[in-house]
>>> print(open('coords-v3.cif').read())   # mmCIF, C-alpha atoms and all ligand atoms
data_protein
#
loop_
_atom_site.label_atom_id
_atom_site.label_comp_id
_atom_site.auth_asym_id
_atom_site.auth_seq_id
_atom_site.Cartn_x
_atom_site.Cartn_y
_atom_site.Cartn_z
CA MET Q 1 173.19 -26.22 141.60
CA THR Q 2 173.50 -27.17 137.91
CA ASP Q 3 176.92 -27.28 136.23
CA ILE Q 4 176.05 -24.13 134.22
CA GLU Q 5 175.06 -22.26 137.40
CA TYR Q 6 178.33 -23.42 138.92
CA LEU Q 7 180.29 -22.07 135.94
CA LYS Q 8 178.48 -18.72 136.20
CA LYS Q 9 179.96 -18.30 139.67
CA TYR Q 10 183.46 -18.37 138.16
CA TYR Q 11 183.19 -16.81 134.71
CA GLN Q 12 182.21 -13.46 133.18
CA LYS Q 13 180.09 -13.51 130.02
CA ASP Q 14 182.97 -13.70 127.48
CA ASN Q 15 184.78 -16.58 129.14
CA LEU Q 16 181.53 -18.25 130.14
CA ASP Q 17 180.74 -19.14 126.51
CA ASP Q 18 184.04 -20.96 126.19
CA ALA Q 19 183.52 -22.74 129.52
CA VAL Q 20 180.00 -23.85 128.52
CA LYS Q 21 181.40 -25.16 125.23
CA ARG Q 22 183.91 -27.29 127.13
CA LEU Q 23 181.13 -28.53 129.40
CA LYS Q 24 179.02 -29.52 126.38
CA GLN Q 25 182.02 -31.36 124.94
CA GLY Q 26 181.97 -33.58 128.03
CA GLU Q 27 184.64 -32.05 130.26
CA PRO Q 28 183.96 -32.23 134.02
CA VAL Q 29 183.00 -28.86 135.47
CA GLN Q 30 185.73 -29.22 138.12
CA TYR Q 31 188.50 -29.36 135.48
CA ILE Q 32 187.01 -26.35 133.68
CA VAL Q 33 186.89 -24.29 136.85
CA GLY Q 34 190.25 -25.74 137.96
CA GLU Q 35 189.47 -26.16 141.64
CA VAL Q 36 187.16 -27.89 144.12
CA ASP Q 37 186.23 -27.41 147.73
CA PHE Q 38 187.37 -30.38 149.79
CA TYR Q 39 186.54 -30.27 153.49
CA GLY Q 40 186.49 -26.48 153.31
CA ASN Q 41 189.90 -26.35 151.61
CA LYS Q 42 190.57 -25.04 148.10
CA ILE Q 43 192.12 -27.86 146.06
CA ILE Q 44 193.40 -27.18 142.55
CA VAL Q 45 192.59 -29.91 140.04
CA ASN Q 46 193.55 -30.60 136.44
CA LYS Q 47 193.54 -33.60 134.11
CA ASN Q 48 196.56 -35.09 135.91
CA VAL Q 49 194.63 -35.78 139.11
CA LEU Q 50 191.42 -37.48 140.14
CA ILE Q 51 188.64 -35.06 141.04
CA PRO Q 52 188.22 -35.50 144.83
CA ARG Q 53 184.93 -37.19 145.72
CA PHE Q 54 182.45 -36.65 148.58
CA GLU Q 55 183.11 -40.24 149.69
CA THR Q 56 186.76 -39.34 150.21
CA GLU Q 57 185.82 -36.36 152.38
CA GLU Q 58 183.98 -38.86 154.55
CA LEU Q 59 187.01 -41.16 154.67
CA VAL Q 60 189.05 -38.23 155.91
CA SER Q 61 186.42 -37.18 158.40
CA LYS Q 62 186.14 -40.69 159.91
CA THR Q 63 189.91 -41.14 159.99
CA ILE Q 64 190.45 -37.83 161.78
CA VAL Q 65 188.05 -38.96 164.53
CA TYR Q 66 190.04 -42.20 165.02
CA LEU Q 67 193.42 -40.44 164.89
CA LYS Q 68 192.37 -37.93 167.54
CA LYS Q 69 190.95 -40.69 169.72
CA TYR Q 70 193.82 -43.18 169.53
CA PHE Q 71 196.99 -41.14 169.12
CA THR Q 72 197.57 -38.37 171.63
CA ASN Q 73 201.27 -38.01 170.84
CA PRO Q 74 202.48 -36.76 167.44
CA ILE Q 75 202.52 -39.54 164.85
CA THR Q 76 203.49 -40.14 161.22
CA ILE Q 77 200.77 -40.66 158.64
CA VAL Q 78 201.30 -41.70 155.03
CA ASP Q 79 198.79 -41.12 152.22
CA LEU Q 80 199.41 -43.64 149.42
CA GLY Q 81 198.29 -42.46 145.97
CA CYS Q 82 197.83 -38.86 147.06
CA GLY Q 83 196.66 -37.44 143.69
CA SER Q 84 195.70 -33.78 144.29
CA GLY Q 85 196.86 -34.14 147.90
CA CYS Q 86 193.34 -33.58 149.26
CA ILE Q 87 193.59 -36.31 151.95
CA ALA Q 88 197.10 -35.49 153.18
CA ILE Q 89 196.50 -31.73 153.21
CA THR Q 90 193.22 -31.99 155.12
CA ILE Q 91 194.68 -34.30 157.76
CA LYS Q 92 197.70 -32.05 158.25
CA LYS Q 93 195.44 -29.00 158.59
CA GLN Q 94 193.18 -30.73 161.09
CA ILE Q 95 195.94 -32.26 163.26
CA PRO Q 96 199.03 -30.10 162.59
CA LYS Q 97 201.25 -31.81 165.18
CA ASN Q 98 201.38 -34.97 163.04
CA GLU Q 99 203.95 -35.57 160.31
CA VAL Q 100 202.29 -36.30 156.97
CA ILE Q 101 203.95 -38.02 154.01
CA ALA Q 102 202.24 -38.30 150.63
CA VAL Q 103 203.24 -40.70 147.84
CA ASP Q 104 202.20 -40.91 144.19
CA ILE Q 105 203.60 -42.73 141.19
CA SER Q 106 202.64 -39.83 138.90
CA SER Q 107 205.06 -36.90 138.93
CA ASP Q 108 202.39 -34.75 137.26
CA ALA Q 109 199.98 -35.50 140.11
CA LEU Q 110 202.68 -34.70 142.68
CA GLU Q 111 203.19 -31.27 141.09
CA VAL Q 112 199.51 -30.51 141.66
CA ALA Q 113 199.65 -31.87 145.22
CA LYS Q 114 202.70 -29.72 146.03
CA GLU Q 115 200.95 -26.61 144.74
CA ASN Q 116 197.90 -27.48 146.85
CA ALA Q 117 200.04 -27.90 149.97
CA LEU Q 118 201.55 -24.48 149.29
CA ILE Q 119 198.23 -22.66 148.84
CA ASN Q 120 196.87 -24.38 151.95
CA GLY Q 121 199.94 -23.44 153.99
CA VAL Q 122 200.89 -26.95 155.13
CA GLU Q 123 204.18 -28.79 155.14
CA ILE Q 124 204.00 -32.30 153.73
CA GLU Q 125 206.78 -34.59 152.55
CA PHE Q 126 205.99 -35.64 148.98
CA LEU Q 127 207.60 -38.79 147.59
CA LEU Q 128 207.51 -40.09 144.03
CA GLY Q 129 207.18 -43.85 143.80
CA ASP Q 130 205.22 -47.06 144.00
CA MET Q 131 202.96 -47.19 147.10
CA LEU Q 132 205.04 -48.05 150.23
CA LYS Q 133 208.36 -48.47 148.40
CA PRO Q 134 209.68 -44.89 148.82
CA ILE Q 135 208.93 -44.85 152.59
CA ASN Q 136 212.13 -45.14 154.61
CA LYS Q 137 210.76 -44.97 158.14
CA LYS Q 138 208.09 -46.55 160.32
CA VAL Q 139 204.67 -44.90 160.30
CA ASP Q 140 201.60 -45.08 162.55
CA CYS Q 141 198.84 -44.64 160.02
CA ILE Q 142 198.46 -45.62 156.38
CA ILE Q 143 195.56 -43.99 154.56
CA SER Q 144 194.77 -44.68 150.93
CA ASN Q 145 192.16 -44.22 148.27
CA PRO Q 146 194.01 -46.24 145.63
CA PRO Q 147 192.82 -46.94 142.08
CA TYR Q 148 190.22 -49.66 142.65
CA ILE Q 149 188.14 -50.10 139.49
CA GLY Q 150 188.50 -53.46 137.72
CA TYR Q 151 189.26 -53.33 133.99
CA ASP Q 152 185.91 -54.83 133.01
CA GLU Q 153 183.76 -52.65 135.27
CA GLU Q 154 181.28 -50.15 133.81
CA VAL Q 155 182.50 -46.59 134.29
CA MET Q 156 180.62 -43.38 133.45
CA GLU Q 157 181.84 -41.81 130.22
CA ILE Q 158 182.64 -38.45 131.81
CA VAL Q 159 184.96 -40.27 134.22
CA LYS Q 160 186.72 -42.65 131.84
CA ASP Q 161 187.12 -40.01 129.10
CA ASN Q 162 188.62 -37.36 131.37
CA GLU Q 163 190.21 -38.60 134.58
CA PRO Q 164 193.66 -40.27 134.53
CA ASN Q 165 193.51 -44.03 133.91
CA ILE Q 166 196.27 -44.52 136.46
CA ALA Q 167 194.00 -43.02 139.13
CA LEU Q 168 191.04 -45.24 138.25
CA TYR Q 169 191.95 -48.78 137.30
CA ALA Q 170 193.84 -51.61 138.95
CA PRO Q 171 194.42 -55.28 138.06
CA ASN Q 172 192.91 -58.24 139.93
CA ASN Q 173 189.35 -56.81 139.92
CA GLY Q 174 190.69 -53.57 141.37
CA LEU Q 175 192.24 -55.31 144.39
CA LYS Q 176 195.93 -55.13 143.44
CA HIS Q 177 196.92 -52.11 145.54
CA TYR Q 178 195.07 -53.23 148.68
CA GLU Q 179 196.86 -56.59 148.49
CA ILE Q 180 200.28 -55.00 147.99
CA ILE Q 181 199.78 -52.48 150.80
CA LEU Q 182 198.47 -55.09 153.26
CA LYS Q 183 201.12 -57.66 152.36
CA ASN Q 184 203.93 -55.18 153.08
CA ALA Q 185 202.34 -53.01 155.77
CA LYS Q 186 203.87 -54.79 158.78
CA SER Q 187 207.41 -53.77 157.78
CA TYR Q 188 206.41 -50.11 157.68
CA LEU Q 189 204.11 -49.86 160.71
CA ASN Q 190 204.89 -48.99 164.32
CA ASN Q 191 203.56 -51.18 167.17
CA GLU Q 192 200.16 -49.50 167.28
CA TYR Q 193 198.69 -48.72 163.90
CA LEU Q 194 195.66 -47.67 161.92
CA ILE Q 195 195.07 -48.41 158.25
CA ALA Q 196 192.21 -46.53 156.57
CA PHE Q 197 191.02 -47.44 153.07
CA GLU Q 198 188.38 -46.18 150.71
CA ILE Q 199 187.14 -49.18 148.73
CA GLY Q 200 184.83 -50.13 145.87
CA TYR Q 201 181.41 -50.93 147.34
CA LYS Q 202 181.60 -54.61 146.35
CA GLN Q 203 185.16 -55.16 147.58
CA ALA Q 204 184.70 -55.31 151.36
CA ASN Q 205 184.70 -59.12 151.71
CA ASP Q 206 187.76 -59.62 149.52
CA ILE Q 207 189.76 -56.91 151.27
CA CYS Q 208 188.78 -58.18 154.74
CA LYS Q 209 190.07 -61.64 153.73
CA ILE Q 210 193.36 -60.16 152.54
CA ALA Q 211 193.70 -58.12 155.75
CA LYS Q 212 193.09 -61.20 157.91
CA ARG Q 213 195.76 -63.10 155.97
CA TYR Q 214 198.50 -60.51 156.46
CA LEU Q 215 197.56 -58.74 159.72
CA LYS Q 216 196.44 -61.66 161.85
CA ASN Q 217 195.54 -60.01 165.16
CA SER Q 218 194.01 -56.88 163.78
CA ILE Q 219 190.50 -55.54 164.29
CA ILE Q 220 188.87 -54.99 160.91
CA THR Q 221 185.76 -52.85 160.49
CA VAL Q 222 183.78 -52.04 157.37
CA GLU Q 223 181.90 -48.75 157.33
CA GLN Q 224 179.31 -47.34 154.95
CA ASP Q 225 179.11 -44.12 152.95
CA LEU Q 226 176.13 -41.75 153.03
CA GLN Q 227 174.36 -43.96 150.45
CA GLY Q 228 174.65 -46.92 152.82
CA LYS Q 229 177.24 -48.69 150.63
CA ASP Q 230 180.30 -50.43 152.08
CA ARG Q 231 182.95 -47.82 151.32
CA TYR Q 232 185.60 -47.82 154.04
CA ILE Q 233 187.75 -50.37 155.83
CA PHE Q 234 189.63 -49.56 159.03
CA ILE Q 235 192.26 -52.00 160.23
CA THR Q 236 193.94 -51.53 163.58
CA ASN Q 237 195.53 -53.40 166.46
CA ILE Q 238 194.46 -50.78 169.01
CA LYS Q 239 192.43 -52.86 171.40
CA ASN Q 240 189.81 -50.29 172.35
CA HIS Q 241 188.82 -49.74 168.73
CA ILE Q 242 185.04 -49.49 168.92
CA LEU Q 243 182.67 -47.90 166.49
C1 LIG Q 301 191.88 -42.93 143.16
S1 LIG Q 301 193.22 -41.78 142.97
C2 LIG Q 301 193.15 -40.99 144.57
C3 LIG Q 301 193.69 -39.60 144.57
C4 LIG Q 301 193.45 -38.85 145.89
N1 LIG Q 301 194.08 -39.55 147.00
C5 LIG Q 301 191.96 -38.71 146.15
O1 LIG Q 301 191.45 -39.44 147.03
O2 LIG Q 301 191.32 -37.90 145.48
C6 LIG Q 301 194.61 -42.87 143.08
C7 LIG Q 301 195.99 -42.22 142.97
O3 LIG Q 301 196.96 -43.27 143.09
C8 LIG Q 301 198.03 -43.02 142.21
N2 LIG Q 301 198.69 -44.30 141.93
C9 LIG Q 301 198.35 -45.27 141.04
N3 LIG Q 301 199.19 -46.33 141.13
C10 LIG Q 301 200.08 -46.02 142.10
C11 LIG Q 301 201.20 -46.69 142.67
N4 LIG Q 301 201.56 -47.91 142.25
N5 LIG Q 301 201.90 -46.09 143.65
C12 LIG Q 301 201.54 -44.83 144.09
N6 LIG Q 301 200.50 -44.14 143.59
C13 LIG Q 301 199.77 -44.73 142.62
C14 LIG Q 301 197.41 -42.34 141.01
O4 LIG Q 301 198.36 -41.59 140.29
C15 LIG Q 301 196.30 -41.50 141.69
O5 LIG Q 301 196.80 -40.21 141.96
#
>>> encode(input="coords-v3.cif", output="structure tokens")
Amino acid sequence: MTDIEYLKKYYQKDNLDDAVKRLKQGEPVQYIVGEVDFYGNKIIVNKNVLIPRFETEELVSKTIVYLKKYFTNPITIVDLGCGSGCIAITIKKQIPKNEVIAVDISSDALEVAKENALINGVEIEFLLGDMLKPINKKVDCIISNPPYIGYDEEVMEIVKDNEPNIALYAPNNGLKHYEIILKNAKSYLNNEYLIAFEIGYKQANDICKIAKRYLKNSIITVEQDLQGKDRYIFITNIKNHIL
């Protein structure tokens, strides 16, 4: 479906002209419409949050399989850099017995995430702050799609001109947040844990090295997205972790 066909689904003739004008001015169709479908859930989006990507749906889908397989009792999951809340909300809807916490450093993003939790009828604890810092309890699973684009990487104009910089870029070739999360994870994790990351497709080796440095006896697996690119890293100490 083209972007114009997509707009026609949402707008009557009068408003359509205005929407098409915004599209021609380079605004992403998702911000114009104001919502996306993520894993069958309606997620409101605006310029304060990253537009959820298909790759992230796959991260969620893979993580849900592991969570159901490894944790039969209720657990606590934290989504670091929750943006619109798409990851946290989907996991809570799929496995309601689990407690889900969602953190973001942007209060504007958290407002959107809270509204999304409300319209999706799920209870999530939202915390404002810097990655793991606002967490005051042990958790069983950390999931994150942090900002991972290096400052000198090429980025499509529609992305860099519209989506929040704070959701896109990170220092140290985009590795900063992975390093900080992995360095501190041990203090926040229960005995048996799962860490699930979405990553830039060239970052797998670097992140595996960091994970080995800080989580010595863990099992680290890299998985690919639908395009065959390295896109996910799962880190666990659950011994029967097999793919
Ligand atoms: C790539 S976006 C991911 C958003 C959402 N989880 C998704 O997958 O669509 C990264 C998010 O991390 C947030 N963020 C950036 N730096 C952060 C930090 N130091 N602590 C917590 N959140 C941060 C941004 O505000 C943004 O919402």
>>> residues_around(input="coords-v3.cif", residues="Val33 in chain Q", least_positions_apart="5", cutoff="9 Å", atoms="all atoms listed in the file", output="ChimeraX atom specification")
/Q:6-7,10-11,19,28,45
>>> atom_distance(input="coords-v3.cif", atom1="CA of Ala170 in chain Q", atom2="CA of Asn136 in chain Q")
24.9 Å
>>> residues_around(input="coords-v3.cif", residues="Lys137 in chain Q", least_positions_apart="3", cutoff="10 Å", atoms="all atoms listed in the file", output="JSON, numbers by chain")
{"Q": [76, 134, 187, 188, 189, 190]}
>>> residues_near_ligand(input="coords-v3.cif", ligand="ligand LIG 301 (chain Q)", cutoff="6 Å", atoms="all atoms listed in the file", output="ChimeraX atom specification")
/Q:49-52,56,80-84,87,103-106,109,129-131,145-147,166-168
>>> closest_residue(input="coords-v3.cif", among="Q:Arg22, Q:Glu111, Q:Lys13, Q:Cys86", to="Asp37 in chain Q", atoms="all atoms listed in the file")
Q:Cys86
>>> decode(input="coords-v3.cif", residues="range 16-140 of chain Q", atoms="C-alpha atoms", output="CSV table (one decimal), in the first residue's frame")
chain,number,residue,atom,x,y,z
Q,16,LEU,CA,-7.0,14.4,3.0
Q,17,ASP,CA,-5.6,17.4,1.1
Q,18,ASP,CA,-3.9,18.7,4.3
Q,19,ALA,CA,-2.6,15.2,5.1
Q,20,VAL,CA,-1.1,14.8,1.6
Q,21,LYS,CA,0.5,18.2,1.9
Q,22,ARG,CA,2.2,17.2,5.1
Q,23,LEU,CA,3.3,13.9,3.4
Q,24,LYS,CA,4.8,15.9,0.5
Q,25,GLN,CA,6.6,18.1,3.0
Q,26,GLY,CA,8.5,15.0,4.2
Q,27,GLU,CA,6.5,14.0,7.4
Q,28,PRO,CA,6.3,10.3,8.0
Q,29,VAL,CA,2.8,8.9,7.3
Q,30,GLN,CA,2.6,7.4,10.8
Q,31,TYR,CA,3.0,10.8,12.5
Q,32,ILE,CA,0.3,12.2,10.2
Q,33,VAL,CA,-2.1,9.5,11.0
Q,34,GLY,CA,-1.0,9.5,14.6
Q,35,GLU,CA,-1.0,5.7,15.2
Q,36,VAL,CA,0.5,2.4,14.1
Q,37,ASP,CA,-0.4,-1.2,14.4
Q,38,PHE,CA,2.2,-3.0,16.5
Q,39,TYR,CA,1.7,-6.7,17.0
Q,40,GLY,CA,-2.0,-6.2,16.5
Q,41,ASN,CA,-2.1,-3.4,19.1
Q,42,LYS,CA,-3.0,0.2,18.3
Q,43,ILE,CA,-0.1,2.4,19.4
Q,44,ILE,CA,-0.4,6.2,19.3
Q,45,VAL,CA,2.7,8.0,17.9
Q,46,ASN,CA,3.8,11.6,17.7
Q,47,LYS,CA,7.0,13.5,17.1
Q,48,ASN,CA,8.1,12.7,20.7
Q,49,VAL,CA,8.5,9.0,20.1
Q,50,LEU,CA,10.2,6.7,17.6
Q,51,ILE,CA,7.9,5.1,15.1
Q,52,PRO,CA,7.9,1.4,16.1
Q,53,ARG,CA,9.6,-0.7,13.5
Q,54,PHE,CA,8.9,-4.2,12.1
Q,55,GLU,CA,12.3,-5.4,13.5
Q,56,THR,CA,11.1,-4.5,17.0
Q,57,GLU,CA,7.9,-6.5,16.5
Q,58,GLU,CA,10.2,-9.4,15.8
Q,59,LEU,CA,12.3,-8.7,18.9
Q,60,VAL,CA,9.1,-8.8,20.9
Q,61,SER,CA,7.9,-12.0,19.2
Q,62,LYS,CA,11.3,-13.8,19.9
Q,63,THR,CA,11.5,-12.6,23.5
Q,64,ILE,CA,7.9,-13.8,24.2
Q,65,VAL,CA,8.8,-17.3,23.1
Q,66,TYR,CA,11.9,-17.3,25.4
Q,67,LEU,CA,9.9,-15.9,28.3
Q,68,LYS,CA,7.2,-18.5,28.0
Q,69,LYS,CA,9.7,-21.2,27.7
Q,70,TYR,CA,12.1,-20.3,30.6
Q,71,PHE,CA,9.9,-18.6,33.2
Q,72,THR,CA,6.8,-20.5,34.3
Q,73,ASN,CA,6.3,-18.4,37.5
Q,74,PRO,CA,5.4,-14.7,37.3
Q,75,ILE,CA,8.5,-12.5,36.7
Q,76,THR,CA,9.5,-8.8,36.4
Q,77,ILE,CA,10.5,-7.5,33.1
Q,78,VAL,CA,12.0,-4.0,32.4
Q,79,ASP,CA,11.9,-2.2,29.1
Q,80,LEU,CA,14.7,0.3,28.9
Q,81,GLY,CA,14.0,3.3,26.6
Q,82,CYS,CA,10.4,2.4,26.1
Q,83,GLY,CA,9.4,5.3,23.7
Q,84,SER,CA,5.8,4.8,22.7
Q,85,GLY,CA,5.6,1.8,25.1
Q,86,CYS,CA,5.1,-0.7,22.2
Q,87,ILE,CA,7.5,-3.4,23.6
Q,88,ALA,CA,6.3,-3.2,27.2
Q,89,ILE,CA,2.6,-3.1,26.3
Q,90,THR,CA,2.8,-6.0,23.9
Q,91,ILE,CA,4.7,-8.2,26.4
Q,92,LYS,CA,2.2,-7.4,29.2
Q,93,LYS,CA,-0.7,-8.2,26.9
Q,94,GLN,CA,0.8,-11.5,25.8
Q,95,ILE,CA,1.9,-12.7,29.3
Q,96,PRO,CA,-0.3,-10.7,31.8
Q,97,LYS,CA,0.9,-12.5,34.9
Q,98,ASN,CA,4.3,-10.8,34.6
Q,99,GLU,CA,5.1,-7.4,36.1
Q,100,VAL,CA,6.3,-4.9,33.5
Q,101,ILE,CA,8.3,-1.8,34.2
Q,102,ALA,CA,9.1,0.7,31.4
Q,103,VAL,CA,11.7,3.5,31.6
Q,104,ASP,CA,12.5,6.5,29.4
Q,105,ILE,CA,14.6,9.6,29.9
Q,106,SER,CA,12.0,11.6,27.9
Q,107,SER,CA,9.0,12.8,29.9
Q,108,ASP,CA,7.2,13.6,26.6
Q,109,ALA,CA,7.8,10.0,25.4
Q,110,LEU,CA,6.5,8.6,28.7
Q,111,GLU,CA,3.3,10.6,28.3
Q,112,VAL,CA,2.6,8.9,25.0
Q,113,ALA,CA,3.5,5.5,26.5
Q,114,LYS,CA,1.1,6.0,29.4
Q,115,GLU,CA,-1.7,6.9,27.0
Q,116,ASN,CA,-0.9,3.8,25.0
Q,117,ALA,CA,-1.0,1.6,28.1
Q,118,LEU,CA,-4.4,3.1,28.9
Q,119,ILE,CA,-5.9,2.5,25.5
Q,120,ASN,CA,-4.5,-1.1,25.5
Q,121,GLY,CA,-5.9,-1.8,29.0
Q,122,VAL,CA,-2.6,-2.8,30.6
Q,123,GLU,CA,-1.0,-1.9,33.9
Q,124,ILE,CA,2.6,-0.9,33.6
Q,125,GLU,CA,4.9,0.9,36.0
Q,126,PHE,CA,6.4,3.9,34.1
Q,127,LEU,CA,9.6,5.4,35.4
Q,128,LEU,CA,11.4,8.6,34.3
Q,129,GLY,CA,15.1,8.3,34.2
Q,130,ASP,CA,18.4,7.1,32.8
Q,131,MET,CA,18.3,3.4,31.8
Q,132,LEU,CA,18.6,1.2,34.9
Q,133,LYS,CA,19.1,4.0,37.4
Q,134,PRO,CA,15.4,4.4,38.4
Q,135,ILE,CA,14.9,0.7,39.0
Q,136,ASN,CA,14.8,-0.1,42.7
Q,137,LYS,CA,14.2,-3.9,42.7
Q,138,LYS,CA,15.7,-7.0,41.1
Q,139,VAL,CA,14.3,-8.0,37.7
Q,140,ASP,CA,14.3,-11.2,35.6
